[in-house]
Structures are given as C-alpha cells and as structure tokens.
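Data block below; observations after.
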Amino acid sequence: MSEPFILCDGLVKIFQVAELEMVALRELNLSIEKGELVGIIGSSGSGKSTLMNILGGLDRPSAGRVRVDNHDLLKMTDTDLNRYRREKVGFVWQQSARNLVPYLNAINNVMLPMTLAGVTGSEKSKRAEQLLDLVGLAARKKHYLPELSGGEQQRVAIAVALANNPTLLLADEPTGEVDTATAAHIYDTFRTLTSEMHITTLIVSHDPGIAKQVGRVVGIRDGMLASETIRQQRSAVPELDLNGDAVLSENGTGLHEEPQEHYEELVVVDRAGRLHIPHEYLEQFHIKGRAQVEVTEDGILIRPTRQDRVEAEIAKPSTATTAAEEEISGPRSIWDRFGLKRGKK
Ligand code: ADP
Ligand code: MG
C-alpha cells in the first residue's frame with residue numbers, strides 16, 4: 001500500500017514560553033489521502049492551528065513523524081522547507097486582511113503570488129482570470145476589497161491561495177467571520193476546487209455544519225486526534241438489531257430503500273490500541289487513571305475499577321448524570337463533547 005498524502009505519526013509540538021513548556025500537539029496521528037476534503041474541528045486551544053502551521057511548513061514539529069506528499073517536514077532543511085511552503089501549499093486565513101492586499105483589486109491580488117514566483121506575461125493574467133472564474137468571481141475581478149463582501153473576499157483569498165498551483169490547500173477558520181449562508185457558499189467553492197484542481201484540502205472550523213460540507217471531519221482534542229465523523233449513505237449499511245442481525249426492511253434486503261445520509265461519530269483508535277475517551281464520559285463513570293476492560297460478546301466494555309466504584313458510591317449523592325437524565329437530554333454528541341454549538345439542521 002502506498003503512503004497516504006499526509007501522514008502524521010506521533011506528532012509532538014512543544015512551545016517553550018519562558019520557563020514553561022506548552023504541549024500543543026501530543027502524539028497526534030492522522031492520515032489523509034490525496035484528493036480528500038477534510039474538516040478539522042476542536043475547541044479553542046486544541047492544537048488545530050499548530051497542526052496547520054506544521055503541515056504548511058510555517059513551523060516545525062518537536063518530535064514524531066510528519067510527511068506530506070513524500071516530503072519529510074521534520075528532516076527538511078530550512079531552504080527546502082521554504083520552497084515546500086512556496087510551491088506546494090496554499091493558505092487561506094480567517095481574516096481577509098491576512099490573505100489580501102487592500103490597495104490591489106481582485107485580479108491583481110491573485111497575480112501577486114505569481115509575480116513573486118517569477119511568472120510573467122499573459123500567462124499570469126490568464127491564470128488569474130481562470131481562478132477567479134472558478135471561485136465564481138469573474139465579474140468582480142476589477143473590484144477592490146471594500147467593494148467586495150466578506151464571503152467574496154474569502155473567495156478571492158482562495159484564488160490567491162491557488163495561484164501557484166499548490167497540491168495542498170490549508171484553510172484556518174475561513175468561515176469564522178461570515179454568516180451561515182456565506183459559509184455554505186465558501187465550502188461549496190472548496191469542494192468544487194478540491195475535485196477540479198486535484199488538490200487535497202484541510203479546513204479548520206468551529207462550525208459543526210461542516211460535517212455536511214466535507215467528506216470527513218476529524219476532531220482534535222488536547223493536541224490529539226480524538227474522533228472522526230464520517231458521512232455515510234444509510235442504504236450502504238444494513239441496520240443491525242441488538243444481536244447484530246440485519247433488520248429486514250420491507251423489501252427483505254435489510255437495506256433502506258431511500259438512500260439517506262447520516263453521520264457516524266467514531267472514536268479514533270491508533271495503531272498502538274490507544275483511544276481517546278471524552279473527559280465527560282470518564283467523569284460520569286468515575287474512571288480515574290485505570291479502568292477495567294472486559295471482552296463481551298458485542299465488543300469491549302470499559303468500566304471503572306472496583307475501588308473507584310466503591311469510592312463513587314460513598315461520595316454520593318453525586319452530580320453524575322443518571323440514565324434517566326441522559327434519556328431526557330439525549331446522547332451526547334461530538335459537538336457537545338468538543339464544546340461546540342450544534343448548527344442549524
Ligand atoms: P487552536 O488553533 O485549536 O485554537 P492552537 O494550535 O493555536 O489552537 O494552540 C494550541 C495550544 O498551543 C494553545 O494552548 C496555545 O496557547 C499554544 N500555542 C500556540 N502557538 C503558540 C506559540 N507560538 N507560543 C506558545 N504557545 C502557543
Ligand atoms: Mg486556531
């Protein structure tokens with residue numbers, strides 16, 4: 001099997017601030033195939049931007065492995081890393097001010113990175129026009145930033161990011177400053193470009209609605225990959241009853257007749273068998289430091305140790321959520337666990 005386009009293996013990033021060491025990424029594992037459009041979610045401070053900066057060659061990891069398109073970003077020389085960033089990566093930031101030059105119009109903004117890369121002549125303007133056309137702004141090419149809406153500015157920014165034909169497009173909260181409808185339009189643009197330009201795109205977002213816009217969402221928590229949400233067609237997976245037998249539908253196939261999209265939340269299990277259990281679950285079941293792991297017929301059951309159970313019992317009445325309360329509030333979803341607000345359905 002060939003190597004994935006992006007491979008992070010035990011990626012560690014430690015920031016040294018005066019005497020303090022701040023661990024931003026703690027052994028993060030991630031693999032992304034060429035051509036994927038992936039959303040990255042996680043609460044503030046979870047390490048999303050740190051990851052983007054490392055993948056984009058703006059910062060170096062402290063330890064672990066990180067490879068993009070067969071480039072080893074840890075071992076590369078500074079010169080090679082600079083070239084990698086210039087030639088292979090396009091960035092879109094949250095603030096359009098960081099993406100665009102205010103005193104240049106749209107097309108001149110798109111041509112600027114090409115000028116810096118030494119592209120000359122009519123090729124430059126032709127390509128800039130094509131890119132503005134791809135992001136749906138051909139008619140606005142002569143407009144200056146104040147004449148463009150926030151969403152339009154971000155789409156110009158996407159064209160700028162693609163000016164030098166990168167293979168990797170990194171967007172750090174590109175929809176952070178626009179409304180939901182505009183965000184949907186921006187995601188649309190990312191989706192079209194990812195497939196038409198054969199690039200790989202990572203979008204960091206606070207917006208849970210992103211699950212509907214991309215093929216896959218990975219959740220980062222405490223500097224580690226903690227969950228994945230995968231969009232599936234219901235019809236592709238037979239519904240199982242408690243015994244694991246397919247529930248027969250009217251047509252007797254066990255498959256739903258109407259293909260229906262649903263989102264399955266999965267906890268990531270790394271190659272060493274480690275998985276990240278949300279803190280809330282650990283607190284709810286009083287699991288501290290150690291747990292009992294039992295193999296059952298259906299899977300693996302993780303339970304508090306006998307001693308932790310006894311201690312929890314003594315400490316009652318506790319604030320733990322009871323089964324009845326859980327039923328009322330519904331099962332906790334990925335968005336709750338990541339401290340994010342659920343988007344409009
Ligand atoms: P996110 O983008 O998910 O909000 P970041 O990657 O920006 O998170 O930050 C992860 C953690 O690393 C935070 O605790 C942040 O304070 C710390 N951090 C990020 N960049 C630096 C830096 N340059 N110096 C020191 N600490 C940093
Ligand atoms: Mg950030």
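Naming scheme: A, B, ... for chains in displayed order of the structure tokens; residues 1 onward per chain; ligands 1 onward as shown.
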
Residues within 8 Å of ligand 2 (only C-alpha atoms and all ligand atoms), as JSON, numbers by chain?
{"A": [44, 45, 47, 48, 49, 50, 172, 173, 204]}

How about saving the chosen residues, N, CA, C and O atoms kept, as a short mmCIF file (atom, residue, chain, number, x, y, z; two decimals), in the first residue's frame?
data_model
loop_
_atom_site.label_atom_id
_atom_site.label_comp_id
_atom_site.auth_asym_id
_atom_site.auth_seq_id
_atom_site.Cartn_x
_atom_site.Cartn_y
_atom_site.Cartn_z
N SER A 44 -11.20 25.86 21.07
CA SER A 44 -10.09 26.79 21.01
C SER A 44 -8.92 26.25 21.85
O SER A 44 -9.12 25.77 22.95
N GLY A 45 -7.73 26.30 21.31
CA GLY A 45 -6.55 25.84 22.05
C GLY A 45 -6.27 24.36 21.92
O GLY A 45 -5.35 23.83 22.55
N GLY A 47 -5.15 22.77 19.35
CA GLY A 47 -3.97 22.47 18.53
C GLY A 47 -4.20 22.51 17.03
O GLY A 47 -3.32 22.13 16.26
N LYS A 48 -5.38 22.99 16.61
CA LYS A 48 -5.71 22.99 15.18
C LYS A 48 -4.75 23.84 14.36
O LYS A 48 -4.21 23.37 13.36
N SER A 49 -4.54 25.08 14.79
CA SER A 49 -3.66 25.97 14.02
C SER A 49 -2.22 25.48 14.05
O SER A 49 -1.51 25.58 13.04
N THR A 50 -1.81 24.93 15.18
CA THR A 50 -0.45 24.39 15.28
C THR A 50 -0.27 23.31 14.21
O THR A 50 0.75 23.27 13.51
N ASP A 172 -7.56 27.99 7.62
CA ASP A 172 -7.73 28.04 9.08
C ASP A 172 -8.91 28.94 9.43
O ASP A 172 -8.79 30.16 9.37
N GLU A 173 -10.01 28.35 9.76
CA GLU A 173 -11.26 29.04 10.08
C GLU A 173 -11.63 30.07 9.01
O GLU A 173 -11.87 31.23 9.32
N VAL A 204 -10.07 24.05 8.79
CA VAL A 204 -10.32 24.13 10.22
C VAL A 204 -11.58 24.94 10.43
O VAL A 204 -11.80 25.94 9.76
#

Quick one: DSSP helix (DSSP H, G or I) residues in region 96-301 of chain A, as a VMD selection string?
chain A and resid 96 to 99 106 to 116 122 to 134 138 to 140 145 to 147 150 to 161 180 to 196 208 to 212 234 to 236 279 to 284

Residues near Met76 (chain A), cut-off 12 Å, only C-alpha atoms, skip fewer than 3 positions along chain, as a VMD selection string
chain A and resid 57 59 to 61 65 to 68 70 to 73 79 to 85

Output the selection as a PDB file, in the first residue's frame - C-alpha atoms for each residue.
ATOM      1  CA  GLY A  57       5.808  24.331   6.607  1.00  0.00           C
ATOM      2  CA  ASP A  59       6.516  25.819  11.849  1.00  0.00           C
ATOM      3  CA  ARG A  60       8.480  22.727  12.721  1.00  0.00           C
ATOM      4  CA  PRO A  61       7.334  19.860  14.910  1.00  0.00           C
ATOM      5  CA  ARG A  65       6.868  11.954  12.007  1.00  0.00           C
ATOM      6  CA  VAL A  66       5.155  14.242   9.539  1.00  0.00           C
ATOM      7  CA  ARG A  67       5.206  13.609   5.829  1.00  0.00           C
ATOM      8  CA  VAL A  68       3.306  15.420   3.113  1.00  0.00           C
ATOM      9  CA  ASN A  70       6.609  12.222   0.387  1.00  0.00           C
ATOM     10  CA  HIS A  71       8.355  15.244   1.942  1.00  0.00           C
ATOM     11  CA  ASP A  72       9.656  14.692   5.436  1.00  0.00           C
ATOM     12  CA  LEU A  73       8.823  18.020   7.100  1.00  0.00           C
ATOM     13  CA  THR A  79      15.736  26.139   2.388  1.00  0.00           C
ATOM     14  CA  ASP A  80      13.784  23.074   1.322  1.00  0.00           C
ATOM     15  CA  LEU A  81      11.027  23.827   3.807  1.00  0.00           C
ATOM     16  CA  ASN A  82      10.711  27.361   2.407  1.00  0.00           C
ATOM     17  CA  ARG A  83      10.496  26.013  -1.099  1.00  0.00           C
ATOM     18  CA  TYR A  84       7.940  23.407   0.002  1.00  0.00           C
ATOM     19  CA  ARG A  85       5.771  26.146   1.530  1.00  0.00           C
TER      20      ARG A  85
END

Closest contacts (chain A/ligand 1, max 12 Å, only C-alpha atoms and all ligand atoms) as JSON lines:
{"residue": "A:Val12", "atom": "CA", "partner": "ligand 1", "partner_atom_place_in_ligand_line": "12 (O)", "distance": 11.2}
{"residue": "A:Lys13", "atom": "CA", "partner": "ligand 1", "partner_atom_place_in_ligand_line": "12 (O)", "distance": 8.3}
{"residue": "A:Ile14", "atom": "CA", "partner": "ligand 1", "partner_atom_place_in_ligand_line": "12 (O)", "distance": 7.8}
{"residue": "A:Phe15", "atom": "CA", "partner": "ligand 1", "partner_atom_place_in_ligand_line": "25 (C)", "distance": 4.8}
{"residue": "A:Gln16", "atom": "CA", "partner": "ligand 1", "partner_atom_place_in_ligand_line": "25 (C)", "distance": 6.4}
{"residue": "A:Val17", "atom": "CA", "partner": "ligand 1", "partner_atom_place_in_ligand_line": "25 (C)", "distance": 5.8}
{"residue": "A:Ala18", "atom": "CA", "partner": "ligand 1", "partner_atom_place_in_ligand_line": "25 (C)", "distance": 9.5}
{"residue": "A:Glu19", "atom": "CA", "partner": "ligand 1", "partner_atom_place_in_ligand_line": "25 (C)", "distance": 11.5}
{"residue": "A:Leu20", "atom": "CA", "partner": "ligand 1", "partner_atom_place_in_ligand_line": "25 (C)", "distance": 9.2}
{"residue": "A:Glu21", "atom": "CA", "partner": "ligand 1", "partner_atom_place_in_ligand_line": "25 (C)", "distance": 8.4}
{"residue": "A:Met22", "atom": "CA", "partner": "ligand 1", "partner_atom_place_in_ligand_line": "26 (N)", "distance": 5.9}
{"residue": "A:Val23", "atom": "CA", "partner": "ligand 1", "partner_atom_place_in_ligand_line": "12 (O)", "distance": 6.5}
{"residue": "A:Ala24", "atom": "CA", "partner": "ligand 1", "partner_atom_place_in_ligand_line": "12 (O)", "distance": 4.1}
{"residue": "A:Leu25", "atom": "CA", "partner": "ligand 1", "partner_atom_place_in_ligand_line": "10 (C)", "distance": 7.3}
{"residue": "A:Arg26", "atom": "CA", "partner": "ligand 1", "partner_atom_place_in_ligand_line": "10 (C)", "distance": 10.5}
{"residue": "A:Ile40", "atom": "CA", "partner": "ligand 1", "partner_atom_place_in_ligand_line": "3 (O)", "distance": 9.3}
{"residue": "A:Ile41", "atom": "CA", "partner": "ligand 1", "partner_atom_place_in_ligand_line": "3 (O)", "distance": 8.1}
{"residue": "A:Gly42", "atom": "CA", "partner": "ligand 1", "partner_atom_place_in_ligand_line": "3 (O)", "distance": 6.2}
{"residue": "A:Ser43", "atom": "CA", "partner": "ligand 1", "partner_atom_place_in_ligand_line": "3 (O)", "distance": 6.1}
{"residue": "A:Ser44", "atom": "CA", "partner": "ligand 1", "partner_atom_place_in_ligand_line": "4 (O)", "distance": 3.6}
{"residue": "A:Gly45", "atom": "CA", "partner": "ligand 1", "partner_atom_place_in_ligand_line": "8 (O)", "distance": 3.4}
{"residue": "A:Ser46", "atom": "CA", "partner": "ligand 1", "partner_atom_place_in_ligand_line": "3 (O)", "distance": 3.9}
{"residue": "A:Gly47", "atom": "CA", "partner": "ligand 1", "partner_atom_place_in_ligand_line": "6 (O)", "distance": 3.2}
{"residue": "A:Lys48", "atom": "CA", "partner": "ligand 1", "partner_atom_place_in_ligand_line": "3 (O)", "distance": 3.7}
{"residue": "A:Ser49", "atom": "CA", "partner": "ligand 1", "partner_atom_place_in_ligand_line": "2 (O)", "distance": 3.6}
{"residue": "A:Thr50", "atom": "CA", "partner": "ligand 1", "partner_atom_place_in_ligand_line": "6 (O)", "distance": 3.7}
{"residue": "A:Leu51", "atom": "CA", "partner": "ligand 1", "partner_atom_place_in_ligand_line": "6 (O)", "distance": 6.5}
{"residue": "A:Met52", "atom": "CA", "partner": "ligand 1", "partner_atom_place_in_ligand_line": "6 (O)", "distance": 8.0}
{"residue": "A:Asn53", "atom": "CA", "partner": "ligand 1", "partner_atom_place_in_ligand_line": "6 (O)", "distance": 8.4}
{"residue": "A:Ile54", "atom": "CA", "partner": "ligand 1", "partner_atom_place_in_ligand_line": "6 (O)", "distance": 9.9}
{"residue": "A:Leu58", "atom": "CA", "partner": "ligand 1", "partner_atom_place_in_ligand_line": "23 (N)", "distance": 11.2}
{"residue": "A:Asp59", "atom": "CA", "partner": "ligand 1", "partner_atom_place_in_ligand_line": "23 (N)", "distance": 9.2}
{"residue": "A:Arg60", "atom": "CA", "partner": "ligand 1", "partner_atom_place_in_ligand_line": "23 (N)", "distance": 11.2}
{"residue": "A:Pro61", "atom": "CA", "partner": "ligand 1", "partner_atom_place_in_ligand_line": "20 (N)", "distance": 11.8}
{"residue": "A:Trp93", "atom": "CA", "partner": "ligand 1", "partner_atom_place_in_ligand_line": "2 (O)", "distance": 11.5}
{"residue": "A:Gln94", "atom": "CA", "partner": "ligand 1", "partner_atom_place_in_ligand_line": "2 (O)", "distance": 11.2}
{"residue": "A:Ala171", "atom": "CA", "partner": "ligand 1", "partner_atom_place_in_ligand_line": "2 (O)", "distance": 11.5}
{"residue": "A:Asp172", "atom": "CA", "partner": "ligand 1", "partner_atom_place_in_ligand_line": "2 (O)", "distance": 8.0}
{"residue": "A:Glu173", "atom": "CA", "partner": "ligand 1", "partner_atom_place_in_ligand_line": "2 (O)", "distance": 8.8}
{"residue": "A:Ile203", "atom": "CA", "partner": "ligand 1", "partner_atom_place_in_ligand_line": "2 (O)", "distance": 11.7}
{"residue": "A:Val204", "atom": "CA", "partner": "ligand 1", "partner_atom_place_in_ligand_line": "2 (O)", "distance": 8.2}
{"residue": "A:Ser205", "atom": "CA", "partner": "ligand 1", "partner_atom_place_in_ligand_line": "3 (O)", "distance": 9.4}
{"residue": "A:His206", "atom": "CA", "partner": "ligand 1", "partner_atom_place_in_ligand_line": "3 (O)", "distance": 9.4}
{"residue": "A:Gly219", "atom": "CA", "partner": "ligand 1", "partner_atom_place_in_ligand_line": "3 (O)", "distance": 10.3}
{"residue": "A:Ile220", "atom": "CA", "partner": "ligand 1", "partner_atom_place_in_ligand_line": "3 (O)", "distance": 7.8}
{"residue": "A:Arg221", "atom": "CA", "partner": "ligand 1", "partner_atom_place_in_ligand_line": "3 (O)", "distance": 8.4}
{"residue": "A:Asp222", "atom": "CA", "partner": "ligand 1", "partner_atom_place_in_ligand_line": "10 (C)", "distance": 8.1}
{"residue": "A:Gly223", "atom": "CA", "partner": "ligand 1", "partner_atom_place_in_ligand_line": "10 (C)", "distance": 7.2}
{"residue": "A:Met224", "atom": "CA", "partner": "ligand 1", "partner_atom_place_in_ligand_line": "3 (O)", "distance": 10.7}
{"residue": "A:Leu225", "atom": "CA", "partner": "ligand 1", "partner_atom_place_in_ligand_line": "3 (O)", "distance": 11.7}
{"residue": "A:Phe338", "atom": "CA", "partner": "ligand 1", "partner_atom_place_in_ligand_line": "3 (O)", "distance": 11.1}

With only C-alpha atoms as the counted atoms, please give the residues lying no more than 8 Å from Arg303 (chain A), apart from itself and same-chain residues fewer than 2 positions off, as a VMD selection string.
chain A and resid 285 287 291 to 294 301 305

For the selection you just gave me, I'd like the residues written to a file as a PDB file, in the first residue's frame, keeping all heavy atoms.
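The resulting file, part.pdb, is shown below:
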ATOM      1  N   PHE A 285     -18.494   8.103  34.760  1.00  0.00           N
ATOM      2  CA  PHE A 285     -18.361   6.745  35.285  1.00  0.00           C
ATOM      3  C   PHE A 285     -17.225   6.612  36.295  1.00  0.00           C
ATOM      4  O   PHE A 285     -16.819   5.514  36.634  1.00  0.00           O
ATOM      5  CB  PHE A 285     -18.219   5.754  34.124  1.00  0.00           C
ATOM      6  CG  PHE A 285     -19.480   5.652  33.321  1.00  0.00           C
ATOM      7  CD1 PHE A 285     -19.614   6.354  32.134  1.00  0.00           C
ATOM      8  CD2 PHE A 285     -20.553   4.915  33.781  1.00  0.00           C
ATOM      9  CE1 PHE A 285     -20.798   6.297  31.410  1.00  0.00           C
ATOM     10  CE2 PHE A 285     -21.740   4.850  33.075  1.00  0.00           C
ATOM     11  CZ  PHE A 285     -21.863   5.547  31.881  1.00  0.00           C
ATOM     12  N   ILE A 287     -14.073   7.081  36.182  1.00  0.00           N
ATOM     13  CA  ILE A 287     -12.860   6.366  35.759  1.00  0.00           C
ATOM     14  C   ILE A 287     -11.672   7.305  35.919  1.00  0.00           C
ATOM     15  O   ILE A 287     -11.655   8.400  35.374  1.00  0.00           O
ATOM     16  CB  ILE A 287     -12.998   5.884  34.301  1.00  0.00           C
ATOM     17  CG1 ILE A 287     -14.133   4.853  34.216  1.00  0.00           C
ATOM     18  CG2 ILE A 287     -11.687   5.288  33.804  1.00  0.00           C
ATOM     19  CD1 ILE A 287     -14.456   4.387  32.817  1.00  0.00           C
ATOM     20  N   ALA A 291      -8.730   1.511  34.390  1.00  0.00           N
ATOM     21  CA  ALA A 291     -10.091   1.034  34.126  1.00  0.00           C
ATOM     22  C   ALA A 291     -10.082  -0.471  33.938  1.00  0.00           C
ATOM     23  O   ALA A 291      -9.041  -1.058  33.630  1.00  0.00           O
ATOM     24  CB  ALA A 291     -10.645   1.713  32.878  1.00  0.00           C
ATOM     25  N   GLN A 292     -11.248  -1.058  34.138  1.00  0.00           N
ATOM     26  CA  GLN A 292     -11.381  -2.487  33.838  1.00  0.00           C
ATOM     27  C   GLN A 292     -11.812  -2.624  32.388  1.00  0.00           C
ATOM     28  O   GLN A 292     -12.717  -1.929  31.949  1.00  0.00           O
ATOM     29  CB  GLN A 292     -12.492  -3.084  34.703  1.00  0.00           C
ATOM     30  CG  GLN A 292     -12.028  -3.573  36.050  1.00  0.00           C
ATOM     31  CD  GLN A 292     -13.178  -4.173  36.831  1.00  0.00           C
ATOM     32  OE1 GLN A 292     -14.286  -4.337  36.308  1.00  0.00           O
ATOM     33  NE2 GLN A 292     -12.917  -4.478  38.079  1.00  0.00           N
ATOM     34  N   VAL A 293     -11.164  -3.520  31.680  1.00  0.00           N
ATOM     35  CA  VAL A 293     -11.539  -3.741  30.290  1.00  0.00           C
ATOM     36  C   VAL A 293     -12.036  -5.174  30.162  1.00  0.00           C
ATOM     37  O   VAL A 293     -11.323  -6.108  30.489  1.00  0.00           O
ATOM     38  CB  VAL A 293     -10.353  -3.497  29.349  1.00  0.00           C
ATOM     39  CG1 VAL A 293     -10.740  -3.756  27.902  1.00  0.00           C
ATOM     40  CG2 VAL A 293      -9.847  -2.076  29.501  1.00  0.00           C
ATOM     41  N   GLU A 294     -13.275  -5.301  29.747  1.00  0.00           N
ATOM     42  CA  GLU A 294     -13.868  -6.639  29.645  1.00  0.00           C
ATOM     43  C   GLU A 294     -14.243  -6.920  28.206  1.00  0.00           C
ATOM     44  O   GLU A 294     -14.792  -6.057  27.530  1.00  0.00           O
ATOM     45  CB  GLU A 294     -15.168  -6.682  30.461  1.00  0.00           C
ATOM     46  CG  GLU A 294     -15.010  -7.138  31.878  1.00  0.00           C
ATOM     47  CD  GLU A 294     -16.326  -6.931  32.625  1.00  0.00           C
ATOM     48  OE1 GLU A 294     -17.365  -7.386  32.109  1.00  0.00           O
ATOM     49  OE2 GLU A 294     -16.291  -6.280  33.679  1.00  0.00           O
ATOM     50  N   LEU A 301     -15.912  -3.638  26.831  1.00  0.00           N
ATOM     51  CA  LEU A 301     -16.571  -2.783  27.809  1.00  0.00           C
ATOM     52  C   LEU A 301     -15.509  -2.169  28.716  1.00  0.00           C
ATOM     53  O   LEU A 301     -14.659  -2.868  29.262  1.00  0.00           O
ATOM     54  CB  LEU A 301     -17.534  -3.644  28.630  1.00  0.00           C
ATOM     55  CG  LEU A 301     -18.391  -2.961  29.677  1.00  0.00           C
ATOM     56  CD1 LEU A 301     -19.371  -2.001  29.017  1.00  0.00           C
ATOM     57  CD2 LEU A 301     -19.154  -4.011  30.473  1.00  0.00           C
ATOM     58  N   THR A 305     -12.725   0.882  37.955  1.00  0.00           N
ATOM     59  CA  THR A 305     -12.230  -0.195  38.808  1.00  0.00           C
ATOM     60  C   THR A 305     -13.194  -0.352  39.988  1.00  0.00           C
ATOM     61  O   THR A 305     -13.964   0.560  40.304  1.00  0.00           O
ATOM     62  CB  THR A 305     -10.837   0.147  39.380  1.00  0.00           C
ATOM     63  OG1 THR A 305     -10.974   1.346  40.150  1.00  0.00           O
ATOM     64  CG2 THR A 305      -9.826   0.375  38.276  1.00  0.00           C
TER      65      THR A 305
END

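Taking only C-alpha atoms, the non-local environment of Arg191 (chain A) within 9 Å (same-chain residues fewer than 2 positions away omitted) comprises Leu37, Ile186, Tyr187, Asp188, Thr189, Leu193, Thr194, Ser195, Glu196, Thr201, Gln213 and Val214 of chain A.
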
Those residues you just picked out, can you put them in a file as a PDB file, in the first residue's frame with N, CA and C atoms?
ATOM      1  N   LEU A  37     -11.107  16.045   1.032  1.00  0.00           N
ATOM      2  CA  LEU A  37     -11.509  17.337   1.591  1.00  0.00           C
ATOM      3  C   LEU A  37     -11.908  17.039   3.031  1.00  0.00           C
ATOM      4  N   ILE A 186     -18.834  29.315   0.612  1.00  0.00           N
ATOM      5  CA  ILE A 186     -17.370  29.162   0.652  1.00  0.00           C
ATOM      6  C   ILE A 186     -16.996  27.673   0.650  1.00  0.00           C
ATOM      7  N   TYR A 187     -17.724  26.879   1.430  1.00  0.00           N
ATOM      8  CA  TYR A 187     -17.465  25.427   1.439  1.00  0.00           C
ATOM      9  C   TYR A 187     -17.691  24.829   0.052  1.00  0.00           C
ATOM     10  N   ASP A 188     -18.740  25.309  -0.611  1.00  0.00           N
ATOM     11  CA  ASP A 188     -19.032  24.888  -1.980  1.00  0.00           C
ATOM     12  C   ASP A 188     -17.823  25.102  -2.877  1.00  0.00           C
ATOM     13  N   THR A 189     -17.248  26.295  -2.733  1.00  0.00           N
ATOM     14  CA  THR A 189     -16.074  26.652  -3.531  1.00  0.00           C
ATOM     15  C   THR A 189     -14.923  25.698  -3.241  1.00  0.00           C
ATOM     16  N   LEU A 193     -13.266  23.143  -6.020  1.00  0.00           N
ATOM     17  CA  LEU A 193     -11.845  23.268  -6.352  1.00  0.00           C
ATOM     18  C   LEU A 193     -11.071  22.014  -6.015  1.00  0.00           C
ATOM     19  N   THR A 194     -11.416  21.390  -4.891  1.00  0.00           N
ATOM     20  CA  THR A 194     -10.691  20.188  -4.486  1.00  0.00           C
ATOM     21  C   THR A 194     -10.817  19.116  -5.554  1.00  0.00           C
ATOM     22  N   SER A 195     -12.022  18.971  -6.111  1.00  0.00           N
ATOM     23  CA  SER A 195     -12.146  17.918  -7.117  1.00  0.00           C
ATOM     24  C   SER A 195     -11.627  18.385  -8.474  1.00  0.00           C
ATOM     25  N   GLU A 196     -11.887  19.649  -8.837  1.00  0.00           N
ATOM     26  CA  GLU A 196     -11.465  20.074 -10.179  1.00  0.00           C
ATOM     27  C   GLU A 196      -9.968  20.297 -10.298  1.00  0.00           C
ATOM     28  N   THR A 201      -7.479  19.207   0.503  1.00  0.00           N
ATOM     29  CA  THR A 201      -7.861  20.412   1.242  1.00  0.00           C
ATOM     30  C   THR A 201      -8.217  20.098   2.690  1.00  0.00           C
ATOM     31  N   GLN A 213     -20.605  19.456   4.690  1.00  0.00           N
ATOM     32  CA  GLN A 213     -19.947  20.077   3.546  1.00  0.00           C
ATOM     33  C   GLN A 213     -18.732  19.305   3.063  1.00  0.00           C
ATOM     34  N   VAL A 214     -18.193  18.443   3.916  1.00  0.00           N
ATOM     35  CA  VAL A 214     -16.962  17.739   3.542  1.00  0.00           C
ATOM     36  C   VAL A 214     -17.168  16.237   3.728  1.00  0.00           C
TER      37      VAL A 214
END

One number please: CA of Cys8 (chain A) to CA of Leu28 (chain A), in Å, one decimal.
6.6 Å

Distance CA of Ala226 (chain A)-CA of Ser31 (chain A), one decimal place?
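CA of Ala226 (chain A) sits 13.3 Å away from CA of Ser31 (chain A).
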
Could you tell me how far CA of Gly299 (chain A) sits from CA of His286 (chain A), in Å to one decimal place?
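Calculated distance between CA of His286 (chain A) and CA of Gly299 (chain A) is 20.9 Å.
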
What lies within 10 Å of Met114 (chain A) using only C-alpha atoms, ignoring chain neighbours under 6 positions off, as a PyMOL selection string?
chain A and resi 108+120+123-125+127-128+160+162-165

From the list A:Thr115, A:Thr175, A:Leu202, A:Lys142, which residue is nearest Ile6 (chain A) when using only C-alpha atoms?
A:Leu202

Close residues, Gly136 (chain A) itself excluded, 12 Å, only C-alpha atoms, min 5 positions apart in chain, as an NGL selection string
:A and (129-131 or 141 or 151-156 or 158-159 or 185-186 or 188-190 or 192-193)
